[in-house]
Amino acid sequence: MALSGIQIFSFLPKSNCKECGAATCLAFAMNLAANKVQLEQCPHLTPEARNSLAQASAPPIRRVEVGTGPARAVLGEETVLFRHEKTFNHPPLLAAGLEDNRPDWENRLNSWREQQWERVGLSLRPEMVFLTCASQEAGQFQAVAQKAAELDFALALQGSAEILAQVLPSLASARPLLCAAQEDNWEIMADLALQYRCPLLLRGRGTEALAGLSGKLRQRGGQDLVLDAQTRTLAQTLASNVTLRRAALLDKNQGLGLPIINFASVAGGDPAAEVMAASLMICKYASIIVLSDFKRESLFPLLLLRLNLFTDPQRPMTMPQGIYPIGNPGPDSPVFVTTNFSLTYFIVNGEIENARYPAWLLIMDTEGLSVLTAWAAGKFVGDTIGAFVKKSGIEEKIKHRQIIIPGYVSGIKSELKEALPDWRITVGPREASRVPQFLREWNLQQNDAN
Ligand code: SF4
């Protein structure tokens, strides 16, 4: 939403009826500006106000959806040039190119589907297959596309208009990206995209050609477009991406305010160069990046880079509050408590796992703040931790009454003791890296005591 809260407020009825859930129209406007609510939640907007607001607040880069079900992805809707200005909204899709006449196409698809990692509570995996009809046989093309869709990949389908017309009756429900409209076929491709309600790739050499073609397609009714500037080198690709993003955001050029596709093969055939190219494309400003293959060693760093860049810095990643058993702990196992900032959880969890001593990890909801920040904000202090421990249910799982707090908040030990008078409070290490040593010593002490 590009409008400010005050600008949105000028379109609202100003009756403060509260039906949208906000106390006032101004509060609703502020929430709308912050993307916390939807325009539809106000039932009293006139159609004119709704239209004006929808148009005025449309993002400078159009929202385009590809795929359906688990493969559904949103492209576009970016509003800033630099991530530190606000946030980047939709991570680029990582796609692998595939020709339908490869004898190993099924093995490739299956192996790509297995490439998946769990990280900070998220499942990381590549999302798209860019399928080219090299066989010139609609049946073969359709079979490969169908298999990719069954494996939850979004599809980009590259073929002649005749081939696409044959496969779309059965594949359109997967909402594939149709590839591609260019100067010599844009009318027939636009008609296919409109008939089957699919997004369309638009190819032109350079921004002027793209702007011209985009204008013609939009006049014909095609709106869900993705741009391919047909660059040949990495330098050209980056220059083109920056030009397109600036044209959309600074010049408000609607014809160029569309998601961009890049091909990492512009870096040449070297796999390492392709990864470097893809990493630059993630940073600036591709919405789909087509790789020649999904290899674990190159995919994982790209997925991590993407995760880091497209995580909203204004919304910390969090873990659900609760008890996390690590290594099958029992009633005598130690109990740690820390905050629900995802990074804190995964670092502490990893160090306990490394130590190979089973333990209970209590994760307390501090709205995603790390230990010291949560303490400074009064969210991770004696009273709050005490109340959380009592209601967490940990007392039913253990025989002892001993809890280990992070070393950085050793100062809360006495106040936590007041909140948990039956418990022994132990100050753990400041750094998670010292948890394994701490656990070894803790277990030795327990053994001696027994
Ligand atoms: S429902 Fe509409 S009119 Fe009522 S308070 Fe919310 S924004 Fe205002």
# chains A, B, ... in the order shown; residues from 1 in each chain; ligands from 1

$ residues_near_ligand --ligand "ligand 1" --cutoff "6 Å" --atoms "only C-alpha atoms and all ligand atoms" --output "JSON, numbers by chain"
{"A": [12, 13, 14, 15, 16, 17, 18, 19, 20, 22, 24, 25, 28, 42, 43, 44]}

$ select_by_dssp --residues "segment 92-147 of chain A" --states "alpha helix (DSSP H)" --output "PyMOL selection string"
chain A and resi 105-113+138-147

$ atom_distance --atom1 "atom CA of Leu155 of chain A" --atom2 "atom CA of Glu118 of chain A"
23.4 Å

$ residues_around --residues "Leu420 of chain A" --least-positions-apart "4" --cutoff "12 Å" --atoms "only C-alpha atoms" --output "list in words"
Gly382, Asp383, Thr384, Ile385, Gly386, Ala387, Phe388, Val389, Lys390, Lys391, Glu395, Arg401, Gln402, Ile403, Ile412, Lys413, Ser414, Glu415, Leu416, Arg424 and Ile425 of chain A

$ write_last_selection --atoms "C-alpha atoms" --output "mmCIF file, in the first residue's frame"
data_model
loop_
_atom_site.group_PDB
_atom_site.id
_atom_site.type_symbol
_atom_site.label_atom_id
_atom_site.label_comp_id
_atom_site.auth_asym_id
_atom_site.auth_seq_id
_atom_site.Cartn_x
_atom_site.Cartn_y
_atom_site.Cartn_z
ATOM 1 C CA GLY A 382 11.385 -12.723 36.900
ATOM 2 C CA ASP A 383 7.608 -12.220 37.043
ATOM 3 C CA THR A 384 6.916 -13.065 33.426
ATOM 4 C CA ILE A 385 9.238 -16.069 33.324
ATOM 5 C CA GLY A 386 7.810 -17.359 36.611
ATOM 6 C CA ALA A 387 4.231 -17.109 35.342
ATOM 7 C CA PHE A 388 5.200 -18.802 32.082
ATOM 8 C CA VAL A 389 7.025 -21.681 33.798
ATOM 9 C CA LYS A 390 4.034 -22.356 36.069
ATOM 10 C CA LYS A 391 1.561 -22.557 33.232
ATOM 11 C CA GLU A 395 6.361 -29.394 36.276
ATOM 12 C CA ARG A 401 12.791 -28.129 40.310
ATOM 13 C CA GLN A 402 15.783 -26.517 38.695
ATOM 14 C CA ILE A 403 15.778 -24.106 35.787
ATOM 15 C CA ILE A 412 16.954 -11.594 37.322
ATOM 16 C CA LYS A 413 17.951 -14.626 39.403
ATOM 17 C CA SER A 414 16.640 -13.313 42.723
ATOM 18 C CA GLU A 415 13.382 -11.945 41.299
ATOM 19 C CA LEU A 416 12.774 -15.236 39.487
ATOM 20 C CA ARG A 424 16.520 -23.615 42.137
ATOM 21 C CA ILE A 425 17.617 -20.996 39.624
#

$ select_by_dssp --residues "segment 274-448 of chain A" --states "strand (DSSP E or B)" --output "PyMOL selection string"
chain A and resi 288-291+318+322-326+335-339+341+359-364+402-405+424-427

$ residues_around --residues "Ser123 of chain A" --least-positions-apart "5" --cutoff "12 Å" --atoms "only C-alpha atoms" --output "list in words"
Glu114, Gln115, Gln116, Trp117, Glu118, Phe300, Leu303, Leu304 and Leu307 of chain A

$ residues_around --residues "Asn31 of chain A" --least-positions-apart "4" --cutoff "12 Å" --atoms "only C-alpha atoms" --output "PyMOL selection string"
chain A and resi 1+3-6+8-9+20-27+35-39+41-42

$ write_last_selection --atoms "N, CA and C atoms" --output "PDB file, in the first residue's frame"
ATOM      1  N   MET A   1       0.856  -1.193   0.000  1.00  0.00           N
ATOM      2  CA  MET A   1       0.000   0.000   0.000  1.00  0.00           C
ATOM      3  C   MET A   1       0.887   1.236   0.000  1.00  0.00           C
ATOM      4  N   LEU A   3      -0.069   4.483  -0.264  1.00  0.00           N
ATOM      5  CA  LEU A   3      -0.627   5.698   0.314  1.00  0.00           C
ATOM      6  C   LEU A   3      -0.346   5.756   1.808  1.00  0.00           C
ATOM      7  N   SER A   4      -0.276   6.984   2.320  1.00  0.00           N
ATOM      8  CA  SER A   4      -0.114   7.131   3.774  1.00  0.00           C
ATOM      9  C   SER A   4      -1.473   6.937   4.447  1.00  0.00           C
ATOM     10  N   GLY A   5      -1.449   6.761   5.764  1.00  0.00           N
ATOM     11  CA  GLY A   5      -2.694   6.588   6.509  1.00  0.00           C
ATOM     12  C   GLY A   5      -3.618   7.787   6.349  1.00  0.00           C
ATOM     13  N   ILE A   6      -3.034   8.979   6.373  1.00  0.00           N
ATOM     14  CA  ILE A   6      -3.854  10.203   6.252  1.00  0.00           C
ATOM     15  C   ILE A   6      -4.500  10.274   4.868  1.00  0.00           C
ATOM     16  N   ILE A   8      -5.283   7.740   2.960  1.00  0.00           N
ATOM     17  CA  ILE A   8      -6.364   6.732   2.925  1.00  0.00           C
ATOM     18  C   ILE A   8      -7.579   7.246   3.687  1.00  0.00           C
ATOM     19  N   PHE A   9      -7.317   7.889   4.809  1.00  0.00           N
ATOM     20  CA  PHE A   9      -8.398   8.398   5.666  1.00  0.00           C
ATOM     21  C   PHE A   9      -9.345   9.316   4.892  1.00  0.00           C
ATOM     22  N   CYS A  20     -15.309  -2.533  11.103  1.00  0.00           N
ATOM     23  CA  CYS A  20     -14.093  -3.145  10.548  1.00  0.00           C
ATOM     24  C   CYS A  20     -13.208  -3.722  11.644  1.00  0.00           C
ATOM     25  N   GLY A  21     -13.580  -3.481  12.900  1.00  0.00           N
ATOM     26  CA  GLY A  21     -12.759  -3.983  14.000  1.00  0.00           C
ATOM     27  C   GLY A  21     -11.850  -2.915  14.580  1.00  0.00           C
ATOM     28  N   ALA A  22     -11.704  -1.792  13.885  1.00  0.00           N
ATOM     29  CA  ALA A  22     -10.878  -0.691  14.409  1.00  0.00           C
ATOM     30  C   ALA A  22     -11.769   0.276  15.181  1.00  0.00           C
ATOM     31  N   ALA A  23     -11.160   0.981  16.127  1.00  0.00           N
ATOM     32  CA  ALA A  23     -11.953   1.884  16.960  1.00  0.00           C
ATOM     33  C   ALA A  23     -12.435   3.096  16.178  1.00  0.00           C
ATOM     34  N   THR A  24     -11.657   3.528  15.218  1.00  0.00           N
ATOM     35  CA  THR A  24     -12.022   4.706  14.417  1.00  0.00           C
ATOM     36  C   THR A  24     -11.626   4.478  12.967  1.00  0.00           C
ATOM     37  N   CYS A  25     -12.179   5.317  12.093  1.00  0.00           N
ATOM     38  CA  CYS A  25     -11.786   5.240  10.675  1.00  0.00           C
ATOM     39  C   CYS A  25     -10.305   5.565  10.530  1.00  0.00           C
ATOM     40  N   LEU A  26      -9.809   6.486  11.370  1.00  0.00           N
ATOM     41  CA  LEU A  26      -8.394   6.857  11.262  1.00  0.00           C
ATOM     42  C   LEU A  26      -7.509   5.656  11.632  1.00  0.00           C
ATOM     43  N   ALA A  27      -7.922   4.938  12.686  1.00  0.00           N
ATOM     44  CA  ALA A  27      -7.141   3.748  13.080  1.00  0.00           C
ATOM     45  C   ALA A  27      -7.149   2.717  11.955  1.00  0.00           C
ATOM     46  N   ASN A  35      -0.511  -2.327   5.973  1.00  0.00           N
ATOM     47  CA  ASN A  35      -0.801  -3.672   5.435  1.00  0.00           C
ATOM     48  C   ASN A  35      -1.278  -4.660   6.495  1.00  0.00           C
ATOM     49  N   LYS A  36      -1.891  -4.134   7.580  1.00  0.00           N
ATOM     50  CA  LYS A  36      -2.347  -5.045   8.637  1.00  0.00           C
ATOM     51  C   LYS A  36      -3.793  -5.470   8.428  1.00  0.00           C
ATOM     52  N   VAL A  37      -4.541  -4.760   7.606  1.00  0.00           N
ATOM     53  CA  VAL A  37      -5.941  -5.098   7.325  1.00  0.00           C
ATOM     54  C   VAL A  37      -6.171  -4.981   5.824  1.00  0.00           C
ATOM     55  N   GLN A  38      -7.334  -5.460   5.398  1.00  0.00           N
ATOM     56  CA  GLN A  38      -7.687  -5.392   3.981  1.00  0.00           C
ATOM     57  C   GLN A  38      -8.760  -4.332   3.769  1.00  0.00           C
ATOM     58  N   LEU A  39      -8.725  -3.724   2.605  1.00  0.00           N
ATOM     59  CA  LEU A  39      -9.708  -2.698   2.242  1.00  0.00           C
ATOM     60  C   LEU A  39     -11.137  -3.221   2.401  1.00  0.00           C
ATOM     61  N   GLN A  41     -12.466  -4.925   4.532  1.00  0.00           N
ATOM     62  CA  GLN A  41     -13.003  -5.000   5.893  1.00  0.00           C
ATOM     63  C   GLN A  41     -13.894  -3.810   6.235  1.00  0.00           C
ATOM     64  N   CYS A  42     -13.824  -2.765   5.452  1.00  0.00           N
ATOM     65  CA  CYS A  42     -14.769  -1.651   5.652  1.00  0.00           C
ATOM     66  C   CYS A  42     -15.939  -1.853   4.699  1.00  0.00           C
TER      67      CYS A  42
END

$ atom_distance --atom1 "atom CA of Met317 of chain A" --atom2 "atom CA of Phe341 of chain A"
6.2 Å

$ residues_around --residues "Ser433 of chain A" --least-positions-apart "6" --cutoff "9 Å" --atoms "only C-alpha atoms" --output "NGL selection string"
:A and (347-348 or 351)

$ write_last_selection --atoms "N, CA and C atoms" --output "PDB file, in the first residue's frame"
ATOM      1  N   ILE A 347      19.836 -21.530  17.673  1.00  0.00           N
ATOM      2  CA  ILE A 347      21.229 -21.613  18.138  1.00  0.00           C
ATOM      3  C   ILE A 347      21.297 -22.437  19.420  1.00  0.00           C
ATOM      4  N   VAL A 348      20.408 -22.135  20.370  1.00  0.00           N
ATOM      5  CA  VAL A 348      20.431 -22.873  21.643  1.00  0.00           C
ATOM      6  C   VAL A 348      20.081 -24.345  21.396  1.00  0.00           C
ATOM      7  N   GLU A 351      23.037 -26.158  19.940  1.00  0.00           N
ATOM      8  CA  GLU A 351      24.130 -26.425  20.887  1.00  0.00           C
ATOM      9  C   GLU A 351      23.755 -27.535  21.873  1.00  0.00           C
TER      10      GLU A 351
END

$ atom_distance --atom1 "atom CA of Arg430 of chain A" --atom2 "atom CA of Tyr408 of chain A"
5.1 Å

$ decode --residues "segment 179-245 of chain A" --atoms "C-alpha atoms" --output "PDB file, in the first residue's frame"
ATOM      1  CA  CYS A 179       6.146 -18.266 -22.432  1.00  0.00           C
ATOM      2  CA  ALA A 180       6.328 -16.114 -24.310  1.00  0.00           C
ATOM      3  CA  ALA A 181       4.676 -13.168 -26.040  1.00  0.00           C
ATOM      4  CA  GLN A 182       6.931 -11.196 -28.349  1.00  0.00           C
ATOM      5  CA  GLU A 183       6.594  -8.856 -31.280  1.00  0.00           C
ATOM      6  CA  ASP A 184       5.599 -11.540 -33.789  1.00  0.00           C
ATOM      7  CA  ASN A 185       3.045 -13.497 -31.737  1.00  0.00           C
ATOM      8  CA  TRP A 186       1.774 -11.242 -28.937  1.00  0.00           C
ATOM      9  CA  GLU A 187      -1.846 -11.237 -30.065  1.00  0.00           C
ATOM     10  CA  ILE A 188      -2.314 -14.985 -30.121  1.00  0.00           C
ATOM     11  CA  MET A 189      -0.369 -15.410 -26.867  1.00  0.00           C
ATOM     12  CA  ALA A 190      -2.379 -12.656 -25.179  1.00  0.00           C
ATOM     13  CA  ASP A 191      -5.599 -14.354 -26.255  1.00  0.00           C
ATOM     14  CA  LEU A 192      -4.425 -17.687 -24.850  1.00  0.00           C
ATOM     15  CA  ALA A 193      -3.453 -16.077 -21.549  1.00  0.00           C
ATOM     16  CA  LEU A 194      -6.812 -14.324 -21.314  1.00  0.00           C
ATOM     17  CA  GLN A 195      -8.793 -17.419 -22.288  1.00  0.00           C
ATOM     18  CA  TYR A 196      -7.078 -19.621 -19.708  1.00  0.00           C
ATOM     19  CA  ARG A 197      -6.495 -16.884 -17.095  1.00  0.00           C
ATOM     20  CA  CYS A 198      -2.778 -17.495 -16.963  1.00  0.00           C
ATOM     21  CA  PRO A 199       0.075 -15.052 -16.456  1.00  0.00           C
ATOM     22  CA  LEU A 200       2.131 -14.321 -19.549  1.00  0.00           C
ATOM     23  CA  LEU A 201       5.836 -13.788 -20.101  1.00  0.00           C
ATOM     24  CA  LEU A 202       6.572 -10.828 -22.293  1.00  0.00           C
ATOM     25  CA  ARG A 203       9.841 -10.768 -24.243  1.00  0.00           C
ATOM     26  CA  GLY A 204      11.466  -7.714 -25.764  1.00  0.00           C
ATOM     27  CA  ARG A 205      15.019  -6.610 -26.211  1.00  0.00           C
ATOM     28  CA  GLY A 206      15.443  -3.623 -23.933  1.00  0.00           C
ATOM     29  CA  THR A 207      13.073  -1.463 -21.943  1.00  0.00           C
ATOM     30  CA  GLU A 208      11.655   0.442 -24.893  1.00  0.00           C
ATOM     31  CA  ALA A 209      10.602  -2.724 -26.669  1.00  0.00           C
ATOM     32  CA  LEU A 210       9.145  -4.084 -23.423  1.00  0.00           C
ATOM     33  CA  ALA A 211       7.229  -0.888 -22.713  1.00  0.00           C
ATOM     34  CA  GLY A 212       5.731  -0.902 -26.236  1.00  0.00           C
ATOM     35  CA  LEU A 213       4.703  -4.527 -26.058  1.00  0.00           C
ATOM     36  CA  SER A 214       3.394  -4.178 -22.529  1.00  0.00           C
ATOM     37  CA  GLY A 215       1.204  -1.259 -23.628  1.00  0.00           C
ATOM     38  CA  LYS A 216      -0.301  -3.285 -26.469  1.00  0.00           C
ATOM     39  CA  LEU A 217      -0.955  -6.290 -24.261  1.00  0.00           C
ATOM     40  CA  ARG A 218      -2.561  -4.203 -21.555  1.00  0.00           C
ATOM     41  CA  GLN A 219      -4.821  -2.561 -24.104  1.00  0.00           C
ATOM     42  CA  ARG A 220      -5.936  -6.014 -25.186  1.00  0.00           C
ATOM     43  CA  GLY A 221      -6.762  -6.844 -21.569  1.00  0.00           C
ATOM     44  CA  GLY A 222      -3.621  -8.704 -20.528  1.00  0.00           C
ATOM     45  CA  GLN A 223      -2.526  -7.512 -17.117  1.00  0.00           C
ATOM     46  CA  ASP A 224      -0.684 -10.380 -15.425  1.00  0.00           C
ATOM     47  CA  LEU A 225       2.621 -10.016 -17.198  1.00  0.00           C
ATOM     48  CA  VAL A 226       6.214 -10.886 -16.378  1.00  0.00           C
ATOM     49  CA  LEU A 227       9.073  -9.128 -18.188  1.00  0.00           C
ATOM     50  CA  ASP A 228      12.055 -10.715 -19.924  1.00  0.00           C
ATOM     51  CA  ALA A 229      14.461  -8.095 -21.281  1.00  0.00           C
ATOM     52  CA  GLN A 230      16.408 -10.760 -23.196  1.00  0.00           C
ATOM     53  CA  THR A 231      19.753  -9.646 -21.833  1.00  0.00           C
ATOM     54  CA  ARG A 232      22.865 -11.547 -22.848  1.00  0.00           C
ATOM     55  CA  THR A 233      25.342 -10.809 -20.060  1.00  0.00           C
ATOM     56  CA  LEU A 234      25.176 -10.440 -16.308  1.00  0.00           C
ATOM     57  CA  ALA A 235      26.093  -6.757 -16.547  1.00  0.00           C
ATOM     58  CA  GLN A 236      23.248  -6.149 -18.992  1.00  0.00           C
ATOM     59  CA  THR A 237      20.861  -8.087 -16.756  1.00  0.00           C
ATOM     60  CA  LEU A 238      21.653  -6.066 -13.660  1.00  0.00           C
ATOM     61  CA  ALA A 239      21.506  -2.776 -15.548  1.00  0.00           C
ATOM     62  CA  SER A 240      18.165  -3.768 -17.039  1.00  0.00           C
ATOM     63  CA  ASN A 241      16.731  -4.886 -13.686  1.00  0.00           C
ATOM     64  CA  VAL A 242      17.711  -1.612 -12.033  1.00  0.00           C
ATOM     65  CA  THR A 243      16.308   0.416 -14.935  1.00  0.00           C
ATOM     66  CA  LEU A 244      13.002  -1.469 -14.757  1.00  0.00           C
ATOM     67  CA  ARG A 245      12.704  -1.126 -11.001  1.00  0.00           C
TER      68      ARG A 245
END
